[in-house]
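Chemist: Provided herewith is a single structure, encoded as structure tokens, for subsequent inquiry.
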Amino acid sequence: MSGMESKTEVFTITETGGEPAVKKGNANKKRCVFEQYVQPCLAELFGTSLFVFVGCASVVGNVGAGGVIQPAVAHGLALGVLIMMFGPISGGHFNPAVSLSVYLCGGMGLPLLLPYILTQMCGGMIGAGLTKAIYPDTLYASSLGGAFNIDANDLARTTLAEAVMSLFLTTVVCMGAVNNQTRSPWAPFGIGLTVTANIFAGGIVSGACMNPARAFGPAVAANHWNHHWVYWVGPTCGALLTVSFIRLLLGDQKTRVVLK
């Protein structure tokens, strides 16, 4: 019997197996639904929780004259590792602004966008809550639990800084992981380095959040909402600018909407 005949025979037996085949088909369908919708959301929840925990803990534990070095390295390393681990499952977003830009650039379906954002926000609260549970109250309160605190006179400057840094981050994500022409297996490493570089560059201006979930979690845990809207408006504007540049100018032929 040839190889082709063997494959045909196996296929025929599988199709005519009766009730066992039907049960197997139902099991495969449930597994497909789980892997397409449930598992990615769980990965985003788990990954965002760990990322926000490490980020908040690096700020709370940054005693002395450490400056932005400890938070910058901690955020970048944690994000790069988590993307490598969970990227094959969910894409490794852990950031509503990233999910928005990836969706608008064609990297994910609409049914996952809102669940991703909700699970990322829940993950942010879990991570910030873990930080609050671990550190002493005095140390936690002195750093606002890793929440962001900005002056009312610097709102425009802070919002602009968040938009520019989020533009940089989402551009690296979309060009390195979504756009076929520039996609790279080094994307997790590049994304982690981008976060580190942004914190070095803009940490003293706005805290270099770039992530509404990273701002939301500690704001809930510490009940600190000082100009919290900045950390939604800035990253969202940066993400939309990224989408505009990629869809109009920088994307491959499939991604661009003009000049195909």
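Going by the structure tokens order, chains are called A, B, ..., each with residues numbered from 1, while ligands are numbered from 1 in the order shown.
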Can you tell me, as a list in words, what residues are no more than 8 Å from Ala187 in chain A when counting only C-alpha atoms, ignoring any on the same chain fewer than 2 positions away?
Modeler: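 After dropping sequence-adjacent residues, the list is Val172, Val173, Gly176, Ala177, Arg183, Ser184, Pro185, Phe189, Gly190 and Ile191 of chain A.
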Chemist: Residues as selected, N, CA, C and O atoms, written as a compact mmCIF listing (two decimals), in the first residue's frame, can you do that?
Modeler:
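Final file, again_28.txt:
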```txt
# COMPACT_ATOMS: atom_id res chain seq x y z
N VAL A 172 7.44 49.74 18.28
CA VAL A 172 8.31 48.57 18.37
C VAL A 172 7.48 47.29 18.41
O VAL A 172 7.81 46.29 17.76
N VAL A 173 6.37 47.30 19.15
CA VAL A 173 5.51 46.13 19.23
C VAL A 173 4.93 45.78 17.87
O VAL A 173 5.02 44.64 17.40
N GLY A 176 7.70 45.02 15.24
CA GLY A 176 8.50 43.84 15.56
C GLY A 176 7.72 42.56 15.68
O GLY A 176 8.29 41.48 15.53
N ALA A 177 6.40 42.64 15.94
CA ALA A 177 5.63 41.43 16.17
C ALA A 177 4.42 41.27 15.26
O ALA A 177 3.86 40.18 15.18
N ARG A 183 8.81 41.85 11.06
CA ARG A 183 8.64 40.97 12.22
C ARG A 183 9.96 40.28 12.55
O ARG A 183 10.70 39.86 11.66
N SER A 184 10.24 40.17 13.85
CA SER A 184 11.53 39.62 14.28
C SER A 184 11.35 38.72 15.50
O SER A 184 10.55 39.03 16.39
N PRO A 185 12.10 37.60 15.57
CA PRO A 185 12.07 36.77 16.78
C PRO A 185 12.67 37.47 17.99
O PRO A 185 12.51 37.01 19.12
N PHE A 189 12.80 40.90 23.25
CA PHE A 189 14.00 41.57 23.75
C PHE A 189 13.94 43.06 23.44
O PHE A 189 14.22 43.91 24.29
N GLY A 190 13.53 43.40 22.21
CA GLY A 190 13.44 44.80 21.81
C GLY A 190 12.38 45.56 22.58
O GLY A 190 12.58 46.72 22.94
N ILE A 191 11.25 44.91 22.84
CA ILE A 191 10.17 45.57 23.59
C ILE A 191 10.61 45.84 25.02
O ILE A 191 10.37 46.92 25.57
```
Chemist: Could you build a table of the residues in range 46-146 of chain A lying no more than 10 Å from range 204-208 of chain A, giving for each the nearest pair of atoms and their separation in Å rounded to one decimal place, using only C-alpha atoms, ordered by chain and ascending residue number, as JSON lines?
Modeler:
```
{"residue": "A:Gly67", "atom": "CA", "partner": "A:Ile204", "partner_atom": "CA", "distance": 8.8}
{"residue": "A:Val68", "atom": "CA", "partner": "A:Ile204", "partner_atom": "CA", "distance": 7.7}
{"residue": "A:Pro71", "atom": "CA", "partner": "A:Gly207", "partner_atom": "CA", "distance": 9.7}
{"residue": "A:Ala72", "atom": "CA", "partner": "A:Ala208", "partner_atom": "CA", "distance": 9.2}
{"residue": "A:Gly146", "atom": "CA", "partner": "A:Gly207", "partner_atom": "CA", "distance": 9.7}
```
Chemist: Counting only C-alpha atoms, what is within 10 Å of Val195 in chain A, bar same-chain residues fewer than 3 positions away, as a list of chain:residue names?
Modeler: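 Contacts, in chain order: A:Ala72, A:Val73, A:Ala74, A:His75, A:Gly76, A:Leu77, A:Leu79, A:Gly80, A:Met165, A:Ser166, A:Phe168, A:Leu169, A:Gly190, A:Ile191, A:Gly192, A:Asn198, A:Ile199, A:Phe200, A:Ala201, A:Ala208, A:Cys209, A:Met210.
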Chemist: Output N, CA and C atoms for every residue in that selection, as an mmCIF file, in the first residue's frame.
Modeler:
```cif
data_model
loop_
_atom_site.group_PDB
_atom_site.id
_atom_site.type_symbol
_atom_site.label_atom_id
_atom_site.label_comp_id
_atom_site.auth_asym_id
_atom_site.auth_seq_id
_atom_site.Cartn_x
_atom_site.Cartn_y
_atom_site.Cartn_z
ATOM 1 N N ALA A 72 13.622 50.952 35.950
ATOM 2 C CA ALA A 72 13.815 50.781 34.509
ATOM 3 C C ALA A 72 14.243 49.364 34.174
ATOM 4 N N VAL A 73 15.222 48.858 34.876
ATOM 5 C CA VAL A 73 15.717 47.506 34.602
ATOM 6 C C VAL A 73 14.669 46.460 34.960
ATOM 7 N N ALA A 74 13.992 46.647 36.086
ATOM 8 C CA ALA A 74 12.996 45.671 36.520
ATOM 9 C C ALA A 74 11.829 45.588 35.533
ATOM 10 N N HIS A 75 11.295 46.733 35.133
ATOM 11 C CA HIS A 75 10.181 46.729 34.168
ATOM 12 C C HIS A 75 10.595 46.094 32.846
ATOM 13 N N GLY A 76 11.754 46.482 32.324
ATOM 14 C CA GLY A 76 12.191 45.962 31.034
ATOM 15 C C GLY A 76 12.461 44.478 31.045
ATOM 16 N N LEU A 77 13.168 43.997 32.074
ATOM 17 C CA LEU A 77 13.457 42.564 32.158
ATOM 18 C C LEU A 77 12.184 41.746 32.327
ATOM 19 N N LEU A 79 9.098 42.494 31.484
ATOM 20 C CA LEU A 79 8.268 42.501 30.288
ATOM 21 C C LEU A 79 8.847 41.606 29.198
ATOM 22 N N GLY A 80 10.155 41.677 28.980
ATOM 23 C CA GLY A 80 10.769 40.841 27.958
ATOM 24 C C GLY A 80 10.588 39.359 28.235
ATOM 25 N N MET A 165 6.414 58.423 24.493
ATOM 26 C CA MET A 165 7.000 57.152 24.919
ATOM 27 C C MET A 165 6.112 55.969 24.529
ATOM 28 N N SER A 166 4.788 56.151 24.579
ATOM 29 C CA SER A 166 3.884 55.088 24.145
ATOM 30 C C SER A 166 3.954 54.890 22.634
ATOM 31 N N PHE A 168 6.672 55.249 20.879
ATOM 32 C CA PHE A 168 7.889 54.451 20.699
ATOM 33 C C PHE A 168 7.615 52.976 21.019
ATOM 34 N N LEU A 169 6.966 52.731 22.158
ATOM 35 C CA LEU A 169 6.713 51.356 22.574
ATOM 36 C C LEU A 169 5.800 50.626 21.601
ATOM 37 N N GLY A 190 13.529 43.397 22.207
ATOM 38 C CA GLY A 190 13.439 44.796 21.809
ATOM 39 C C GLY A 190 12.379 45.559 22.579
ATOM 40 N N ILE A 191 11.250 44.913 22.840
ATOM 41 C CA ILE A 191 10.175 45.574 23.587
ATOM 42 C C ILE A 191 10.612 45.843 25.025
ATOM 43 N N GLY A 192 11.248 44.866 25.651
ATOM 44 C CA GLY A 192 11.750 45.073 27.003
ATOM 45 C C GLY A 192 12.765 46.194 27.071
ATOM 46 N N ASN A 198 12.745 54.010 27.763
ATOM 47 C CA ASN A 198 11.753 55.053 28.014
ATOM 48 C C ASN A 198 11.753 55.496 29.477
ATOM 49 N N ILE A 199 11.918 54.550 30.388
ATOM 50 C CA ILE A 199 11.943 54.923 31.806
ATOM 51 C C ILE A 199 13.191 55.748 32.114
ATOM 52 N N PHE A 200 14.315 55.365 31.513
ATOM 53 C CA PHE A 200 15.511 56.195 31.667
ATOM 54 C C PHE A 200 15.285 57.595 31.116
ATOM 55 N N ALA A 201 14.590 57.682 29.973
ATOM 56 C CA ALA A 201 14.419 58.969 29.300
ATOM 57 C C ALA A 201 13.359 59.843 29.956
ATOM 58 N N ALA A 208 6.996 57.500 33.255
ATOM 59 C CA ALA A 208 7.135 56.595 32.101
ATOM 60 C C ALA A 208 6.253 55.364 32.269
ATOM 61 N N CYS A 209 4.966 55.616 32.380
ATOM 62 C CA CYS A 209 4.006 54.521 32.564
ATOM 63 C C CYS A 209 3.785 53.756 31.265
ATOM 64 N N MET A 210 3.277 54.438 30.242
ATOM 65 C CA MET A 210 3.025 53.864 28.907
ATOM 66 C C MET A 210 1.980 52.757 28.929
#
```
Chemist: Give me the residues within 10 Å of Val63 in chain A as a list in words, counting only C-alpha atoms and dropping any in the same chain fewer than 4 places off.
Modeler: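 The residues satisfying every condition are Ser58, Val59, Gly67, Gln70, Leu139 and Ser143 of chain A.
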Chemist: Can you list, as a PyMOL selection string, every protein, DNA or RNA residue that comes within 8 Å of Cys105 in chain A when you count only C-alpha atoms, leaving out same-chain residues fewer than 3 positions away?
Modeler: chain A and resi 101-102+174+178+243+246-247+255
Chemist: Near Thr119 in chain A, counting only C-alpha atoms, which residues have an atom at most 9 Å away, once you skip same-chain residues fewer than 4 positions from it, shown as a PyMOL selection string?
Modeler: chain A and resi 41-42+44-46+48+94+114-115+123-124
Chemist: Please give the complete set of residues from range 148-240 of chain A that DSSP, run on the backbone, assigns to helix (DSSP H, G or I), formatted as a VMD selection string.
Modeler: chain A and resid 152 to 178 187 to 206 212 to 222 230 to 240
Chemist: Let me make sure I understand: among A:Gly238, A:Pro40, A:Leu167, A:Met125, which one has the smallest atom-to-atom distance to Phe53 in chain A if we use only C-alpha atoms?
Modeler: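 Closest candidate: A:Met125.
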Chemist: Choose the residue, out of A:Gly55, A:Ile89, A:Leu82, A:Tyr37, that has the smallest atom-to-atom separation from Asn211 in chain A; count only C-alpha atoms.
Modeler: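 Closest to Asn211 in chain A, using only C-alpha atoms: A:Gly55.
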Chemist: Give me, as number ranges by chain, all polymer residues having an atom no more than 7 Å from range 218-231 of chain A, counting only C-alpha atoms and skipping those fewer than 3 positions away in the same chain.
Modeler: A: 125, 128-129, 144-147, 149, 159, 209, 212, 215, 234-235
